[in-house]
Amino acid sequence: MAGGGLEASATLGPAWAHLAYGCDVIIYFDPFRYEAEAYARISAGITIDVWIGKITIKISLGASIYIEGPEFRGEAKFKVGPVKLTVKFGAKKQSSPNYITWTDFVVKYLEEAQPGTARALSAIAGNGALPPGGEEGTADGSVEHPFEVLSEFEMTVTTTLPADRLVVGTASPQNFETLPLGLPPINASLDGAELSLSLIRVDTQAERINETGVTVLGRYTGKFPVAVWGPPQEMDKKSMPKGEVLDALEGAHMTVKPSRVGRLPPEIAFNQVEAGPRKPLPFVTEATVRPGFLADIGGLVATVPGGLDPGQVFQLEQTILAANGMGKAALAGRAHARVAPGRIGSLGERLVEPEPVTLGNVLTAAPVKVLDRSVKPPRAAAILSPEIRTEAAARITTIKNADQIARTTAPSLAAMNAKISPQIPAVLNRVDTAARGDKTVIAGTRAPVTQSARANTSFVAGLGQDGAAAARLAAFDRVATGPARRAASETAQLTPGEIAIFDMPAARRSDPRLGAGTIATSGGAVRVTAIGLGGAVLETGAPVRGRVSLPGRTSRIVVEALGDGGAKGGVTGWMAERELAFVGWSRALFAGGSVHTAGARIGRRDEVAGLGWIKAAKLTRQGRITTRFDTFQPLLVLLLEGPVDPDGARDFALALTGATETGAAPVVAHLGARTALILNIAPTGKGGPVSVGVETKAPGRLAGVMLADGDADRFAALLDSRSLEDLLDRPRAVGGKPVKIKWTKPKAKKKEEAY
């Protein structure tokens, strides 16, 4: 990111001038995107005194240019005094983000072992490592060049990928406090990363790392950039590069030391003389002891076959010495320090009995930085008004002390006609109420309630809304999280058809095992949707009145006040001309589900950024569109712009999750300028959520994705008499009680015992 600006002003007597220019450029990587804006403004004026007064002459000129890419497009604005001119150039629409693949990610951010596989682990042996013999090359821990170590050694393992869990052999996993992990360049979230260590015996394949004497310490010292390893960001709220890093596990240190069970004999001073029972002299006992000793030697010699080469003799020596108490360190030392044929026996022979092996879990926890993992209260982010408000009931105005107010006689029809100018070709006529026809309704005694047409509105926090909108959002902040809910005013309640969106400010740091709290509602029915980091739908409950538990790492909460119902036509989904509730993370909600498109966002230059209403047609410009339905229905309807031909059908790729195609041929229904493909599908589970992914090479052709009940042929015949617009379910405020919302924090769990 770079930018700068300069402003200069000057006053010379009656004349003045002002100059301002600047430029701001920001470039995002993975996916690559750039935005740049430059502007220049100049204004000048002079004031002249004349005999009739003062005359001021002013001139103002300005120009600005804005460009963005990688699909190069922009606009230039010119201003001369009160006249403004805007010229757009380049592509008509912005291309979808070009996220990189895992193969490209490995090449760019890791070390590639082979295509699609990263070399993320490395190790080095410390104390106890033996130099490789001969011309085997430098030991690196690979199969070709393994480490050779003594029985007491140290090993350090390092990973270039951040991890939050360490597993050592058969021991229980050790969790480390870290922020959520992900792959923003790929637009993917990670549930976690695990570093697993094992010490396997070659001959028996037994796990040996959990034996006594083996200590493993996790190294919680890694610093990894959030832009590469953190959760994916929203396109509308992508933060500026600040060098932010996350702390994570970057490796482990293993130490192997012997654990002595027995005791060596006490040290004896050479100058110490103790009086005690006399020992028999050697030459006195030689006659009785020597024959047995010679017999033992003869038996030992008999076990050594003849004709062995020096290497075979050495291996036999090693076996005999190991059986007679020589330690592993001494045996390994003989292997590298041998310059002459060995001698059987040692000064320390039979001084200590061999130690039994004791198994156990000796994994030692490494000291780690303690993070604040508590769940913070949600903050009101936006309130979206319903699509159409209900007509207000007629209100009667009452006047206090009406007898003291002078009354004016209502004007007659003749008096009103007399006041109409002759230049206006209009005449007022009285029509009797009995003259009402079958199709046209004429008001009789009272005019009907009318309302001017308007678009959907939204109140979004932090975007300079008017005072009433800011006050309402502040009221939801207080009421939804505090005891003031019972005394909530009308501004802190959701009317039927409204949608409230809350942000969880500490979702990245909160402990996922605690959950994100509970949403309790009273009044009308609601639908609560929990959206996680990266935009994934974690939970979407059925319409309820009561409590809804939120899963851990919930980043955004959407509460829809359903009222007493809406337009129910039996078809669930979306169409291009519908307005959907955009809740961030490139996801928009409709009645009964949501639609996600990679890179979809509300433009920062023409509409409210981040949250609000978005035209569904804006989503169809993307290459891949994924629609998630809360419940299963047996018919999948794809609405396409224009006719469908065999060549055009190849431009579409369909992916189903939670359902599968039955194999029946699709039914085609021609709906004027559009075509509906009706496919039969079957559930793969218990009729839970169904995800429909559509990828096309011709952006803009997909005009809707829907699920319906019934038979494909009958549904196609139904479309001859009724339109999809009429059949599509849609939320509409048709009455009902207002909704009050309360959030309750999760209960803290007991601390887990240290491993």
# chains A, B, ... in the order shown; residues from 1 in each chain; ligands from 1
call {"tool": "residues_around", "arguments": {"residues": "range 505-514 of chain A", "least_positions_apart": "6", "cutoff": "6 Å", "atoms": "only C-alpha atoms", "output": "list in words"}}
result
Leu179, Pro180, Arg373, Ser374, Val375, Lys376, Gly552, Arg553 and Ser555 of chain A
call {"tool": "write_last_selection", "arguments": {"atoms": "all heavy atoms", "output": "PDB file, in the first residue's frame"}}
result
ATOM      1  N   LEU A 179      -4.144 -19.121  17.289  1.00  0.00           N
ATOM      2  CA  LEU A 179      -5.275 -18.590  16.548  1.00  0.00           C
ATOM      3  C   LEU A 179      -5.728 -19.607  15.507  1.00  0.00           C
ATOM      4  O   LEU A 179      -4.993 -20.537  15.168  1.00  0.00           O
ATOM      5  CB  LEU A 179      -4.880 -17.278  15.870  1.00  0.00           C
ATOM      6  CG  LEU A 179      -4.477 -16.129  16.801  1.00  0.00           C
ATOM      7  CD1 LEU A 179      -4.109 -14.904  15.981  1.00  0.00           C
ATOM      8  CD2 LEU A 179      -5.595 -15.787  17.760  1.00  0.00           C
ATOM      9  N   PRO A 180      -6.945 -19.455  14.974  1.00  0.00           N
ATOM     10  CA  PRO A 180      -7.403 -20.380  13.929  1.00  0.00           C
ATOM     11  C   PRO A 180      -6.454 -20.372  12.733  1.00  0.00           C
ATOM     12  O   PRO A 180      -5.900 -19.341  12.364  1.00  0.00           O
ATOM     13  CB  PRO A 180      -8.788 -19.828  13.555  1.00  0.00           C
ATOM     14  CG  PRO A 180      -9.219 -19.042  14.728  1.00  0.00           C
ATOM     15  CD  PRO A 180      -7.988 -18.480  15.346  1.00  0.00           C
ATOM     16  N   ARG A 373      -8.799 -16.836  25.692  1.00  0.00           N
ATOM     17  CA  ARG A 373      -9.654 -17.633  24.827  1.00  0.00           C
ATOM     18  C   ARG A 373     -11.131 -17.461  25.164  1.00  0.00           C
ATOM     19  O   ARG A 373     -11.957 -18.255  24.708  1.00  0.00           O
ATOM     20  CB  ARG A 373      -9.271 -19.108  24.946  1.00  0.00           C
ATOM     21  CG  ARG A 373      -7.806 -19.404  24.693  1.00  0.00           C
ATOM     22  CD  ARG A 373      -7.362 -19.000  23.313  1.00  0.00           C
ATOM     23  NE  ARG A 373      -8.058 -19.734  22.287  1.00  0.00           N
ATOM     24  CZ  ARG A 373      -7.673 -20.916  21.828  1.00  0.00           C
ATOM     25  NH1 ARG A 373      -6.595 -21.483  22.318  1.00  0.00           N
ATOM     26  NH2 ARG A 373      -8.353 -21.521  20.885  1.00  0.00           N
ATOM     27  N   SER A 374     -11.474 -16.494  25.980  1.00  0.00           N
ATOM     28  CA  SER A 374     -12.871 -16.313  26.361  1.00  0.00           C
ATOM     29  C   SER A 374     -13.694 -15.806  25.186  1.00  0.00           C
ATOM     30  O   SER A 374     -13.181 -15.189  24.254  1.00  0.00           O
ATOM     31  CB  SER A 374     -12.973 -15.334  27.531  1.00  0.00           C
ATOM     32  OG  SER A 374     -12.456 -14.061  27.157  1.00  0.00           O
ATOM     33  N   VAL A 375     -14.986 -16.079  25.213  1.00  0.00           N
ATOM     34  CA  VAL A 375     -15.913 -15.666  24.170  1.00  0.00           C
ATOM     35  C   VAL A 375     -16.459 -14.285  24.519  1.00  0.00           C
ATOM     36  O   VAL A 375     -17.004 -14.079  25.601  1.00  0.00           O
ATOM     37  CB  VAL A 375     -17.061 -16.684  24.024  1.00  0.00           C
ATOM     38  CG1 VAL A 375     -18.034 -16.249  22.942  1.00  0.00           C
ATOM     39  CG2 VAL A 375     -16.500 -18.064  23.718  1.00  0.00           C
ATOM     40  N   LYS A 376     -16.296 -13.344  23.619  1.00  0.00           N
ATOM     41  CA  LYS A 376     -16.732 -11.969  23.844  1.00  0.00           C
ATOM     42  C   LYS A 376     -18.172 -11.783  23.363  1.00  0.00           C
ATOM     43  O   LYS A 376     -18.631 -12.478  22.463  1.00  0.00           O
ATOM     44  CB  LYS A 376     -15.807 -10.988  23.118  1.00  0.00           C
ATOM     45  CG  LYS A 376     -14.334 -11.162  23.452  1.00  0.00           C
ATOM     46  CD  LYS A 376     -14.056 -10.958  24.923  1.00  0.00           C
ATOM     47  CE  LYS A 376     -12.570 -11.111  25.225  1.00  0.00           C
ATOM     48  NZ  LYS A 376     -12.269 -10.998  26.663  1.00  0.00           N
ATOM     49  N   GLY A 552     -18.721 -23.480  18.276  1.00  0.00           N
ATOM     50  CA  GLY A 552     -17.481 -22.743  18.478  1.00  0.00           C
ATOM     51  C   GLY A 552     -16.960 -22.098  17.210  1.00  0.00           C
ATOM     52  O   GLY A 552     -17.231 -22.548  16.101  1.00  0.00           O
ATOM     53  N   ARG A 553     -16.209 -21.004  17.394  1.00  0.00           N
ATOM     54  CA  ARG A 553     -15.619 -20.239  16.302  1.00  0.00           C
ATOM     55  C   ARG A 553     -16.679 -19.625  15.386  1.00  0.00           C
ATOM     56  O   ARG A 553     -16.450 -19.447  14.191  1.00  0.00           O
ATOM     57  CB  ARG A 553     -14.649 -21.096  15.495  1.00  0.00           C
ATOM     58  CG  ARG A 553     -13.391 -21.512  16.272  1.00  0.00           C
ATOM     59  CD  ARG A 553     -12.312 -20.448  16.168  1.00  0.00           C
ATOM     60  NE  ARG A 553     -11.242 -20.644  17.143  1.00  0.00           N
ATOM     61  CZ  ARG A 553     -10.203 -21.448  16.961  1.00  0.00           C
ATOM     62  NH1 ARG A 553     -10.103 -22.143  15.856  1.00  0.00           N
ATOM     63  NH2 ARG A 553      -9.264 -21.534  17.869  1.00  0.00           N
ATOM     64  N   SER A 555     -18.314 -16.716  13.741  1.00  0.00           N
ATOM     65  CA  SER A 555     -17.827 -15.370  13.460  1.00  0.00           C
ATOM     66  C   SER A 555     -18.953 -14.370  13.255  1.00  0.00           C
ATOM     67  O   SER A 555     -18.793 -13.180  13.531  1.00  0.00           O
ATOM     68  CB  SER A 555     -16.938 -15.392  12.210  1.00  0.00           C
ATOM     69  OG  SER A 555     -16.528 -14.091  11.856  1.00  0.00           O
TER      70      SER A 555
END
call {"tool": "residues_around", "arguments": {"residues": "Gln174 in chain A", "least_positions_apart": "2", "cutoff": "7 Å", "atoms": "only C-alpha atoms", "output": "PyMOL selection string"}}
result
chain A and resi 165-167+172+176+755
call {"tool": "atom_distance", "arguments": {"atom1": "CA of Asn187 in chain A", "atom2": "CA of Ile499 in chain A"}}
result
27.1 Å
call {"tool": "residues_around", "arguments": {"residues": "range 13-24 of chain A", "least_positions_apart": "3", "cutoff": "12 Å", "atoms": "only C-alpha atoms", "output": "ChimeraX atom specification"}}
result
/A:1-10,27,34-49,54-68
call {"tool": "write_last_selection", "arguments": {"atoms": "C-alpha atoms", "output": "mmCIF file, in the first residue's frame"}}
result
data_model
loop_
_atom_site.group_PDB
_atom_site.id
_atom_site.type_symbol
_atom_site.label_atom_id
_atom_site.label_comp_id
_atom_site.auth_asym_id
_atom_site.auth_seq_id
_atom_site.Cartn_x
_atom_site.Cartn_y
_atom_site.Cartn_z
ATOM 1 C CA MET A 1 0.000 0.000 0.000
ATOM 2 C CA ALA A 2 1.299 3.452 -0.900
ATOM 3 C CA GLY A 3 -0.164 6.881 -1.231
ATOM 4 C CA GLY A 4 0.284 10.534 -0.639
ATOM 5 C CA GLY A 5 -1.235 13.908 -1.164
ATOM 6 C CA LEU A 6 -0.421 17.594 -1.207
ATOM 7 C CA GLU A 7 -2.536 20.654 -0.587
ATOM 8 C CA ALA A 8 -1.426 24.246 -1.030
ATOM 9 C CA SER A 9 -3.267 27.515 -0.513
ATOM 10 C CA ALA A 10 -2.276 31.091 -1.224
ATOM 11 C CA ILE A 27 -2.118 -4.195 -4.135
ATOM 12 C CA TYR A 34 -5.132 -3.879 -7.228
ATOM 13 C CA GLU A 35 -6.932 -0.589 -6.698
ATOM 14 C CA ALA A 36 -5.632 2.880 -7.452
ATOM 15 C CA GLU A 37 -7.171 6.327 -7.238
ATOM 16 C CA ALA A 38 -5.665 9.672 -8.231
ATOM 17 C CA TYR A 39 -7.234 13.104 -8.021
ATOM 18 C CA ALA A 40 -6.442 16.753 -8.637
ATOM 19 C CA ARG A 41 -8.468 19.836 -7.735
ATOM 20 C CA ILE A 42 -7.781 23.508 -8.270
ATOM 21 C CA SER A 43 -9.905 26.467 -7.361
ATOM 22 C CA ALA A 44 -9.210 30.190 -7.515
ATOM 23 C CA GLY A 45 -11.068 33.432 -7.107
ATOM 24 C CA ILE A 46 -10.820 37.172 -6.849
ATOM 25 C CA THR A 47 -12.980 39.830 -5.235
ATOM 26 C CA ILE A 48 -13.243 43.252 -6.924
ATOM 27 C CA ASP A 49 -14.685 46.398 -5.343
ATOM 28 C CA LYS A 54 -18.245 43.797 -4.495
ATOM 29 C CA ILE A 55 -18.025 41.293 -7.319
ATOM 30 C CA THR A 56 -16.493 37.841 -6.660
ATOM 31 C CA ILE A 57 -15.307 35.683 -9.534
ATOM 32 C CA LYS A 58 -14.550 32.024 -8.761
ATOM 33 C CA ILE A 59 -13.499 29.034 -10.833
ATOM 34 C CA SER A 60 -13.206 25.394 -9.778
ATOM 35 C CA LEU A 61 -11.752 22.511 -11.747
ATOM 36 C CA GLY A 62 -11.285 18.915 -10.662
ATOM 37 C CA ALA A 63 -10.613 15.471 -12.012
ATOM 38 C CA SER A 64 -10.197 12.006 -10.526
ATOM 39 C CA ILE A 65 -9.540 8.562 -11.896
ATOM 40 C CA TYR A 66 -10.144 5.194 -10.271
ATOM 41 C CA ILE A 67 -8.916 1.858 -11.642
ATOM 42 C CA GLU A 68 -9.045 -1.708 -10.392
#
call {"tool": "residues_around", "arguments": {"residues": "Val559 in chain A", "least_positions_apart": "6", "cutoff": "9 Å", "atoms": "only C-alpha atoms", "output": "ChimeraX atom specification"}}
result
/A:498-502,526-529,741
call {"tool": "write_last_selection", "arguments": {"atoms": "C-alpha atoms", "output": "compact mmCIF listing (two decimals), in the first residue's frame"}}
result
# COMPACT_ATOMS: atom_id res chain seq x y z
CA GLU A 498 -36.27 -7.80 9.47
CA ILE A 499 -32.81 -9.38 9.69
CA ALA A 500 -30.28 -8.65 12.44
CA ILE A 501 -26.59 -9.40 11.89
CA PHE A 502 -24.16 -9.63 14.80
CA VAL A 526 -36.87 -16.75 13.99
CA ARG A 527 -34.24 -18.54 11.97
CA VAL A 528 -30.70 -18.35 13.37
CA THR A 529 -27.70 -18.92 11.09
CA ILE A 741 -33.03 -11.18 21.30
call {"tool": "residues_around", "arguments": {"residues": "range 633-638 of chain A", "least_positions_apart": "4", "cutoff": "9 Å", "atoms": "only C-alpha atoms", "output": "ChimeraX atom specification"}}
result
/A:571-572,675-683,687,690,692,702-712,715
call {"tool": "closest_residue", "arguments": {"among": "A:Gly532, A:Gly128, A:Pro231, A:Pro291", "to": "Gly333 in chain A", "atoms": "only C-alpha atoms"}}
result
A:Gly128
call {"tool": "residues_around", "arguments": {"residues": "Val427 in chain A", "least_positions_apart": "3", "cutoff": "9 Å", "atoms": "only C-alpha atoms", "output": "MDAnalysis selection string"}}
result
chainID A and resid 417 420 424
call {"tool": "write_last_selection", "arguments": {"atoms": "all heavy atoms", "output": "PDB file, in the first residue's frame"}}
result
ATOM      1  N   ASN A 417     -64.153  23.003  -8.192  1.00  0.00           N
ATOM      2  CA  ASN A 417     -64.066  23.157  -9.645  1.00  0.00           C
ATOM      3  C   ASN A 417     -63.832  24.604 -10.040  1.00  0.00           C
ATOM      4  O   ASN A 417     -63.148  24.900 -11.030  1.00  0.00           O
ATOM      5  CB  ASN A 417     -65.346  22.630 -10.301  1.00  0.00           C
ATOM      6  CG  ASN A 417     -65.320  21.109 -10.456  1.00  0.00           C
ATOM      7  OD1 ASN A 417     -64.267  20.529 -10.645  1.00  0.00           O
ATOM      8  ND2 ASN A 417     -66.477  20.478 -10.332  1.00  0.00           N
ATOM      9  N   ILE A 420     -60.138  25.536 -10.017  1.00  0.00           N
ATOM     10  CA  ILE A 420     -59.241  24.923 -10.998  1.00  0.00           C
ATOM     11  C   ILE A 420     -59.029  25.879 -12.158  1.00  0.00           C
ATOM     12  O   ILE A 420     -59.987  26.436 -12.714  1.00  0.00           O
ATOM     13  CB  ILE A 420     -59.819  23.589 -11.504  1.00  0.00           C
ATOM     14  CG1 ILE A 420     -59.921  22.585 -10.335  1.00  0.00           C
ATOM     15  CG2 ILE A 420     -58.951  22.999 -12.609  1.00  0.00           C
ATOM     16  CD1 ILE A 420     -60.534  21.265 -10.729  1.00  0.00           C
ATOM     17  N   ILE A 424     -55.950  24.093 -17.059  1.00  0.00           N
ATOM     18  CA  ILE A 424     -55.753  22.696 -16.684  1.00  0.00           C
ATOM     19  C   ILE A 424     -56.951  21.896 -17.172  1.00  0.00           C
ATOM     20  O   ILE A 424     -58.087  22.134 -16.746  1.00  0.00           O
ATOM     21  CB  ILE A 424     -55.603  22.548 -15.158  1.00  0.00           C
ATOM     22  CG1 ILE A 424     -54.403  23.356 -14.655  1.00  0.00           C
ATOM     23  CG2 ILE A 424     -55.462  21.077 -14.773  1.00  0.00           C
ATOM     24  CD1 ILE A 424     -54.229  23.325 -13.163  1.00  0.00           C
TER      25      ILE A 424
END
call {"tool": "atom_distance", "arguments": {"atom1": "CA of Ala673 in chain A", "atom2": "CA of Ala588 in chain A"}}
result
25.7 Å
call {"tool": "residues_around", "arguments": {"residues": "Asn429 in chain A", "least_positions_apart": "3", "cutoff": "12 Å", "atoms": "only C-alpha atoms", "output": "count of residues only"}}
result
7
call {"tool": "atom_distance", "arguments": {"atom1": "CA of Ala118 in chain A", "atom2": "CA of Asn175 in chain A"}}
result
23.8 Å
